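Asks: The file below is run-v2.cif, mmCIF, C-alpha atoms:
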data_query
loop_
_atom_site.group_PDB
_atom_site.id
_atom_site.type_symbol
_atom_site.label_atom_id
_atom_site.label_comp_id
_atom_site.auth_asym_id
_atom_site.auth_seq_id
_atom_site.Cartn_x
_atom_site.Cartn_y
_atom_site.Cartn_z
ATOM 1 C CA LYS A 258 105.466 91.054 100.048
ATOM 2 C CA THR A 259 106.823 93.009 103.020
ATOM 3 C CA ALA A 260 105.375 96.510 102.612
ATOM 4 C CA GLY A 261 102.423 98.452 101.224
ATOM 5 C CA PHE A 262 102.254 101.859 99.580
ATOM 6 C CA ALA A 263 99.650 104.640 99.806
ATOM 7 C CA ILE A 264 99.956 106.988 96.829
ATOM 8 C CA GLY A 265 98.193 110.362 96.664
ATOM 9 C CA GLY A 266 94.588 110.852 97.690
ATOM 10 C CA ALA A 267 92.254 113.527 98.961
ATOM 11 C CA ASN A 268 90.914 114.941 102.205
ATOM 12 C CA PRO A 269 87.465 116.320 101.340
ATOM 13 C CA SER A 270 87.080 118.149 104.672
ATOM 14 C CA ALA A 271 90.281 120.196 104.137
ATOM 15 C CA PRO A 272 89.788 120.228 101.049
ATOM 16 C CA ALA A 273 93.175 119.045 99.806
ATOM 17 C CA THR A 274 94.716 116.598 97.352
ATOM 18 C CA TYR A 275 98.108 114.979 97.956
ATOM 19 C CA ASP A 276 101.141 113.792 95.991
ATOM 20 C CA THR A 277 102.789 111.850 98.818
ATOM 21 C CA ILE A 278 103.978 108.258 98.618
ATOM 22 C CA ASP A 279 103.818 106.607 102.044
ATOM 23 C CA ARG A 280 105.414 103.207 102.633
ATOM 24 C CA PHE A 281 104.288 101.025 105.534
ATOM 25 C CA THR A 282 105.605 97.662 106.690
ATOM 26 C CA PHE A 283 103.403 94.591 107.095
ATOM 27 C CA THR A 284 105.108 93.565 110.338
ATOM 28 C CA ALA A 285 103.906 94.822 113.723
ATOM 29 C CA PRO A 286 104.407 97.455 114.839
ATOM 30 C CA SER A 287 103.870 98.891 111.368
ATOM 31 C CA THR A 288 106.207 101.736 110.488
ATOM 32 C CA VAL A 289 105.060 104.422 108.038
ATOM 33 C CA THR A 290 107.714 106.402 106.176
ATOM 34 C CA ASP A 291 107.609 109.105 103.509
ATOM 35 C CA ALA A 292 108.928 107.481 100.325
ATOM 36 C CA GLY A 293 108.742 110.630 98.193
ATOM 37 C CA GLU A 294 106.292 112.457 95.971
ATOM 38 C CA PHE A 295 104.303 111.079 93.079
ATOM 39 C CA THR A 296 105.002 112.658 89.703
ATOM 40 C CA ALA A 297 102.945 112.069 86.594
ATOM 41 C CA THR A 298 104.727 112.654 83.295
ATOM 42 C CA GLY A 299 103.627 115.825 81.542
ATOM 43 C CA LEU A 300 101.578 117.195 84.463
ATOM 44 C CA THR A 301 102.497 120.206 86.580
ATOM 45 C CA SER A 302 101.442 118.512 89.817
ATOM 46 C CA GLY A 303 101.491 114.983 91.149
ATOM 47 C CA ALA A 304 98.641 115.738 93.577
ATOM 48 C CA HIS A 305 95.811 113.419 92.594
ATOM 49 C CA GLN A 306 92.840 111.354 93.735
ATOM 50 C CA GLY A 307 90.888 108.373 92.487
ATOM 51 C CA SER A 308 93.706 106.499 90.729
ATOM 52 C CA GLY A 309 93.637 102.735 90.261
ATOM 53 C CA SER A 310 96.639 100.578 91.074
ATOM 54 C CA SER A 311 98.117 97.123 90.539
ATOM 55 C CA THR A 312 101.406 95.327 91.179
ATOM 56 C CA ASN A 313 103.600 92.574 89.812
ATOM 57 C CA GLY A 314 105.455 92.350 93.142
ATOM 58 C CA THR A 315 108.477 94.358 92.008
ATOM 59 C CA TYR A 316 106.737 97.459 90.669
ATOM 60 C CA GLY A 317 103.521 99.310 91.404
ATOM 61 C CA PHE A 318 101.395 100.645 88.546
ATOM 62 C CA VAL A 319 99.228 103.735 89.167
ATOM 63 C CA PHE A 320 96.714 104.584 86.445
ATOM 64 C CA GLY A 321 94.031 107.160 85.758
ATOM 65 C CA GLY A 322 92.915 109.606 88.417
ATOM 66 C CA TYR A 323 91.911 113.208 88.770
ATOM 67 C CA PHE A 324 94.639 115.874 88.922
ATOM 68 C CA PRO A 325 93.436 119.262 90.258
ATOM 69 C CA SER A 326 96.295 120.953 88.411
ATOM 70 C CA PRO A 327 95.581 121.199 85.469
ATOM 71 C CA GLY A 328 92.033 120.093 86.432
ATOM 72 C CA ALA A 329 91.928 116.919 84.374
ATOM 73 C CA THR A 330 91.071 113.250 84.527
ATOM 74 C CA VAL A 331 93.871 111.308 82.833
ATOM 75 C CA ASP A 332 94.571 108.010 81.073
ATOM 76 C CA GLN A 333 98.257 107.746 82.060
ATOM 77 C CA GLN A 334 99.913 104.812 83.800
ATOM 78 C CA THR A 335 102.993 105.413 85.960
ATOM 79 C CA LYS A 336 105.361 102.601 86.939
ATOM 80 C CA LEU A 337 106.849 102.902 90.457
ATOM 81 C CA ALA A 338 109.808 100.831 91.689
ATOM 82 C CA PHE A 339 109.348 99.362 95.181
ATOM 83 C CA SER A 340 112.989 99.942 96.152
ATOM 84 C CA ALA A 341 114.567 103.277 97.186
ATOM 85 C CA PRO A 342 114.809 105.855 95.714
ATOM 86 C CA TYR A 343 111.438 104.691 94.226
ATOM 87 C CA PRO A 344 111.972 105.876 90.621
ATOM 88 C CA MET A 345 108.897 106.407 88.409
ATOM 89 C CA SER A 346 108.366 106.280 84.654
ATOM 90 C CA ASP A 347 105.523 106.687 82.144
ATOM 91 C CA ASN A 348 104.369 103.165 81.272
ATOM 92 C CA GLY A 349 101.329 103.276 78.979
ATOM 93 C CA GLU A 350 97.732 104.457 78.890
ATOM 94 C CA LEU A 351 94.228 103.307 79.700
ATOM 95 C CA SER A 352 91.900 103.065 76.690
ATOM 96 C CA ALA A 353 90.165 106.258 77.939
ATOM 97 C CA ILE A 354 90.463 108.819 80.739
ATOM 98 C CA SER A 355 89.181 107.485 84.064
ATOM 99 C CA ASP A 356 89.202 108.101 87.782
ATOM 100 C CA ASN A 357 87.835 106.087 90.699
ATOM 101 C CA CYS A 358 88.450 102.855 88.793
ATOM 102 C CA PHE A 359 89.253 99.432 90.240
ATOM 103 C CA GLY A 360 92.747 97.921 90.013
ATOM 104 C CA HIS A 361 93.627 94.211 89.891
ATOM 105 C CA SER A 362 96.721 92.082 89.252
ATOM 106 C CA ASP A 363 97.680 88.584 88.245
ATOM 107 C CA THR A 364 101.286 87.551 87.597
ATOM 108 C CA THR A 365 101.281 88.761 83.969
ATOM 109 C CA PHE A 366 98.818 91.665 83.605
ATOM 110 C CA SER A 367 97.619 94.857 85.245
ATOM 111 C CA TYR A 368 93.805 95.071 85.096
ATOM 112 C CA ARG A 369 91.511 98.085 85.296
ATOM 113 C CA SER A 370 87.741 97.753 85.655
ATOM 114 C CA GLY A 371 84.955 100.320 85.899
ATOM 115 C CA GLY A 372 85.626 103.949 86.674
ATOM 116 C CA TYR A 373 84.305 107.426 86.093
ATOM 117 C CA PRO A 374 82.973 108.564 83.645
ATOM 118 C CA LEU A 375 80.833 105.501 84.391
ATOM 119 C CA VAL A 376 81.885 102.463 82.366
ATOM 120 C CA ASP A 377 81.601 98.690 82.733
ATOM 121 C CA VAL A 378 84.860 97.865 80.920
ATOM 122 C CA ILE A 379 87.453 95.331 82.091
ATOM 123 C CA GLU A 380 90.817 95.895 80.373
ATOM 124 C CA ARG A 381 94.388 94.730 80.838
ATOM 125 C CA PHE A 382 98.002 95.705 80.130
ATOM 126 C CA PRO A 383 101.027 93.346 80.156
ATOM 127 C CA PHE A 384 103.501 94.070 82.965
ATOM 128 C CA ALA A 385 106.366 93.351 80.553
ATOM 129 C CA ALA A 386 105.356 96.194 78.200
ATOM 130 C CA THR A 387 106.895 99.653 78.549
ATOM 131 C CA SER A 388 104.345 101.519 76.426
ATOM 132 C CA GLY A 389 100.999 100.993 74.717
ATOM 133 C CA THR A 390 97.322 100.998 75.605
ATOM 134 C CA TYR A 391 95.203 98.720 77.782
ATOM 135 C CA SER A 392 93.034 96.303 75.781
ATOM 136 C CA ASP A 393 89.374 95.442 76.444
ATOM 137 C CA VAL A 394 88.857 91.879 77.716
ATOM 138 C CA GLY A 395 85.328 91.952 79.192
ATOM 139 C CA ASN A 396 82.656 93.850 81.094
ATOM 140 C CA LEU A 397 81.389 94.254 84.632
ATOM 141 C CA ILE A 398 77.703 93.531 85.301
ATOM 142 C CA ALA A 399 76.946 97.277 85.334
ATOM 143 C CA PRO A 400 78.869 100.563 85.025
ATOM 144 C CA THR A 401 80.457 101.191 88.447
ATOM 145 C CA SER A 402 83.037 103.447 90.095
ATOM 146 C CA GLN A 403 84.254 104.366 93.594
ATOM 147 C CA GLY A 404 84.253 100.862 95.025
ATOM 148 C CA GLY A 405 86.785 98.460 96.435
ATOM 149 C CA SER A 406 88.794 95.844 94.575
ATOM 150 C CA ALA A 407 90.776 92.728 95.344
ATOM 151 C CA SER A 408 92.882 90.195 93.464
ATOM 152 C CA GLY A 409 93.441 86.531 94.087
ATOM 153 C CA PRO A 410 95.658 84.161 92.132
ATOM 154 C CA THR A 411 92.943 83.462 89.535
ATOM 155 C CA HIS A 412 90.233 86.148 89.784
ATOM 156 C CA GLY A 413 89.610 89.879 90.238
ATOM 157 C CA ILE A 414 86.774 91.104 92.441
ATOM 158 C CA THR A 415 85.031 94.473 92.742
ATOM 159 C CA HIS A 416 82.768 95.286 95.662
ATOM 160 C CA GLY A 417 80.376 98.124 96.282
ATOM 161 C CA GLY A 418 80.547 101.383 94.386
ATOM 162 C CA SER A 419 78.224 103.947 92.934
ATOM 163 C CA PRO A 420 76.023 105.360 91.524
ATOM 164 C CA PRO A 421 73.680 104.384 92.921
ATOM 165 C CA TYR A 422 75.326 102.864 95.997
ATOM 166 C CA THR A 423 75.544 99.136 95.446
ATOM 167 C CA ASP A 424 76.361 96.015 97.466
ATOM 168 C CA THR A 425 77.157 93.830 94.431
ATOM 169 C CA LEU A 426 80.276 91.657 94.268
ATOM 170 C CA HIS A 427 81.554 91.246 90.681
ATOM 171 C CA ARG A 428 84.127 88.529 89.897
ATOM 172 C CA PHE A 429 86.031 87.878 86.667
ATOM 173 C CA GLU A 430 88.600 85.247 85.730
ATOM 174 C CA PHE A 431 92.101 86.307 84.705
ATOM 175 C CA ALA A 432 92.996 83.301 82.532
ATOM 176 C CA SER A 433 89.960 83.359 80.249
ATOM 177 C CA SER A 434 89.060 86.893 79.245
ATOM 178 C CA GLY A 435 85.351 87.537 79.610
ATOM 179 C CA ASP A 436 82.590 89.237 81.522
ATOM 180 C CA ALA A 437 82.228 89.402 85.288
ATOM 181 C CA THR A 438 79.585 87.443 87.177
ATOM 182 C CA ASP A 439 77.554 88.416 90.252
ATOM 183 C CA ILE A 440 78.805 86.281 93.152
ATOM 184 C CA GLY A 441 76.824 87.847 95.993
ATOM 185 C CA GLU A 442 76.348 90.961 98.050
ATOM 186 C CA ALA A 443 78.356 92.831 100.664
ATOM 187 C CA THR A 444 76.682 93.293 104.065
ATOM 188 C CA GLN A 445 75.647 96.828 103.079
ATOM 189 C CA ALA A 446 75.655 99.085 100.042
ATOM 190 C CA GLY A 447 78.267 101.805 99.820
ATOM 191 C CA ASN A 448 81.316 103.195 98.098
ATOM 192 C CA SER A 449 84.904 103.761 99.162
#
What would you get if you wrote out this structure as structure tokens?
Replies:
Amino acid sequence: KTAGFAIGGANPSAPATYDTIDRFTFTAPSTVTDAGEFTATGLTSGAHQGSGSSTNGTYGFVFGGYFPSPGATVDQQTKLAFSAPYPMSDNGELSAISDNCFGHSDTTFSYRSGGYPLVDVIERFPFAATSGTYSDVGNLIAPTSQGGSASGPTHGITHGGSPPYTDTLHRFEFASSGDATDIGEATQAGNS
């Protein structure tokens, strides 16, 4: 409620992939601090790109992504505490390997939708669980990855993505598992 976290990522012009965890405050002027390095259980490097994320307010959940070392897309979920020293632990798996997927949250579940390899799946994992696999609860309108996502108190939304570049807004309800609906278009097609 008071700070955001940026975890990993890539700079295609360098090219480089990062393992940093940056914490920034929501109050102005915003202060950015280095909160440590991301580590994924069983991997030699925490440097990654294209992971999805969700939160229950106390912990962040980072799932999927591409790790240049060992050169693999993964299905792992890592749980990150939002208080120093920001400890991390292995906390479950997606139903399949994925990167560039969308992340959503309600008060009870972490949600993942879409991703690459291209899928239209919507799946969820209970925040209270410490291990296990995400379960399928619905589908997006079309297979999509590399877009933006948002969560409200009752719905998850995906916007944009590729391929091909799209302007579609997909919305799905958290309380009643089911498929997403098309609720409109962004002002232009693209991915992020």
Asks: Just so the selection is clear, what residues does the PyMOL selection byres ((chain A and resi 387) around 7) cover here, as a ChimeraX atom specification?
Replies: /A:348-349,385-386,388
Asks: Can you turn the PyMOL selection byres ((chain A and resi 343) around 10) into a concrete residue list for this file, as a compact mmCIF listing (two decimals) with C-alpha atoms, in the frame of the given file?
Replies:
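Result written to part.txt:
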# COMPACT_ATOMS: atom_id res chain seq x y z
CA ILE A 278 103.98 108.26 98.62
CA ALA A 292 108.93 107.48 100.32
CA GLY A 293 108.74 110.63 98.19
CA GLU A 294 106.29 112.46 95.97
CA PHE A 295 104.30 111.08 93.08
CA TYR A 316 106.74 97.46 90.67
CA GLY A 317 103.52 99.31 91.40
CA LYS A 336 105.36 102.60 86.94
CA LEU A 337 106.85 102.90 90.46
CA ALA A 338 109.81 100.83 91.69
CA PHE A 339 109.35 99.36 95.18
CA SER A 340 112.99 99.94 96.15
CA ALA A 341 114.57 103.28 97.19
CA PRO A 342 114.81 105.86 95.71
CA PRO A 344 111.97 105.88 90.62
CA MET A 345 108.90 106.41 88.41
Asks: Which one is closest to Gln306 of chain A: A:Ala267, A:Glu350, A:Ser362, A:Ala329? Count all atoms listed in the file.
Replies: A:Ala267
Asks: Any idea what's packed within 9 Å of Asn357 of chain A, counting all atoms listed in the file, ignoring anything in its chain fewer than 6 positions away? Could you give it as a PDB file with C-alpha atoms, keeping the file's coordinate frame?
Replies:
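The file below, result-v9.pdb, is the result:
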ATOM      1  CA  GLN A 306      92.840 111.354  93.735  1.00  0.00           C
ATOM      2  CA  GLY A 307      90.888 108.373  92.487  1.00  0.00           C
ATOM      3  CA  SER A 308      93.706 106.499  90.729  1.00  0.00           C
ATOM      4  CA  GLY A 309      93.637 102.735  90.261  1.00  0.00           C
ATOM      5  CA  GLY A 321      94.031 107.160  85.758  1.00  0.00           C
ATOM      6  CA  GLY A 322      92.915 109.606  88.417  1.00  0.00           C
ATOM      7  CA  TYR A 323      91.911 113.208  88.770  1.00  0.00           C
ATOM      8  CA  GLY A 371      84.955 100.320  85.899  1.00  0.00           C
ATOM      9  CA  GLY A 372      85.626 103.949  86.674  1.00  0.00           C
ATOM     10  CA  TYR A 373      84.305 107.426  86.093  1.00  0.00           C
ATOM     11  CA  PRO A 374      82.973 108.564  83.645  1.00  0.00           C
ATOM     12  CA  SER A 402      83.037 103.447  90.095  1.00  0.00           C
ATOM     13  CA  GLN A 403      84.254 104.366  93.594  1.00  0.00           C
ATOM     14  CA  GLY A 404      84.253 100.862  95.025  1.00  0.00           C
TER      15      GLY A 404
END
Asks: Using all atoms listed in the file, determine which residues lie at most 7 Å from Phe262 of chain A, disregarding the query and same-chain residues fewer than 2 positions distant; provide the list as a list in words.
Replies: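 Skipping anything fewer than 2 positions along the chain leaves Ala260, Ile264, Ile278, Asp279, Arg280 and Phe281 of chain A.
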Asks: I need the residue set behind the PyMOL selection byres ((chain A and resi 420) around 9) for this file; please write it as a list in words.
Replies: Leu375, Pro400, Thr401, Ser402, Gln403, Gly418, Ser419, Pro421, Tyr422, Thr423 and Asn448 of chain A
Asks: Show which residues sit within 6 Å of Ala304 of chain A, as a ChimeraX atom specification. Count only C-alpha atoms, and ignore same-chain residues fewer than 4 positions away.
Replies: /A:274-276
Asks: For a test of reading the model, state the distance in Å between atom CA of Gly395 of chain A and atom CA of Ala407 of chain A, rounded to one decimal.
Replies: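 It comes out at 17.1 Å.
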Asks: So, with only C-alpha atoms as the atoms that count, which of A:Thr288, A:Ser433, A:Ser367, A:Asn396 lies closest to Phe384 of chain A?
Replies: A:Ser367
Asks: Hey, can you pull every residue with an atom no more than 6 Å from (96.4, 99.9, 75.3), using all atoms listed in the file, and send it as a list in words?
Replies: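 Residues lying no farther than 6 Å from the given point: Glu350, Leu351, Ser352, Gly389, Thr390, Tyr391 and Ser392 of chain A.
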Asks: Give me the residues within 8 Å of His361 of chain A as a list in words, counting all atoms listed in the file and dropping any in the same chain fewer than 4 places off.
Replies: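 Returned residues: Ser310, Ser311, Thr312, Ser367, Tyr368, Arg369, Ser406, Ala407, Ser408, Gly413 and Ile414 of chain A.
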Asks: One decimal, Å: what's the distance from atom CA of Val319 of chain A over to atom CA of Val331 of chain A, could you say?
Replies: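 If I compute the distance from atom CA of Val319 of chain A to atom CA of Val331 of chain A, I get 11.2 Å.
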Asks: How many Å separate atom CA of Thr411 of chain A from atom CA of Ala432 of chain A?
Replies: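 So the two atoms, atom CA of Thr411 of chain A and atom CA of Ala432 of chain A, lie 7.0 Å apart.
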Asks: Identify, on the basis of all atoms listed in the file, every residue whose closest approach to Ser302 of chain A does not exceed 9 Å; exclude the query and any residue fewer than 3 positions from it along the same chain; express the result as a ChimeraX atom specification.
Replies: /A:276,295-297,299,305,324-327
Asks: Considering all atoms listed in the file, state which residue in the set A:Thr335, A:Thr277, A:Thr315, A:Thr284 is at the smallest distance from Thr298 of chain A.
Replies: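 Closest to Thr298 of chain A, using all atoms listed in the file: A:Thr335.
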Asks: Which of these, A:Ser370, A:Ser449, A:Asn268, A:Ser287, has the shortest distance to Asp436 of chain A once you count all atoms listed in the file?
Replies: A:Ser370
Asks: Could you give me the centre and size, in Å to one decimal, of an axis-aligned box around all listed atoms of segment 440-447 of chain A with 5 Å added on every side, as AutoDock Vina command-line options?
Replies:
--center_x 77.2 --center_y 94.0 --center_z 98.6 --size_x 13.2 --size_y 25.5 --size_z 20.9
Asks: Could you check the closest approach to Val394 of chain A for each of A:Phe283, A:Phe320, A:Phe359, A:Phe431 and tell me which residue wins, using only C-alpha atoms?
Replies: A:Phe431
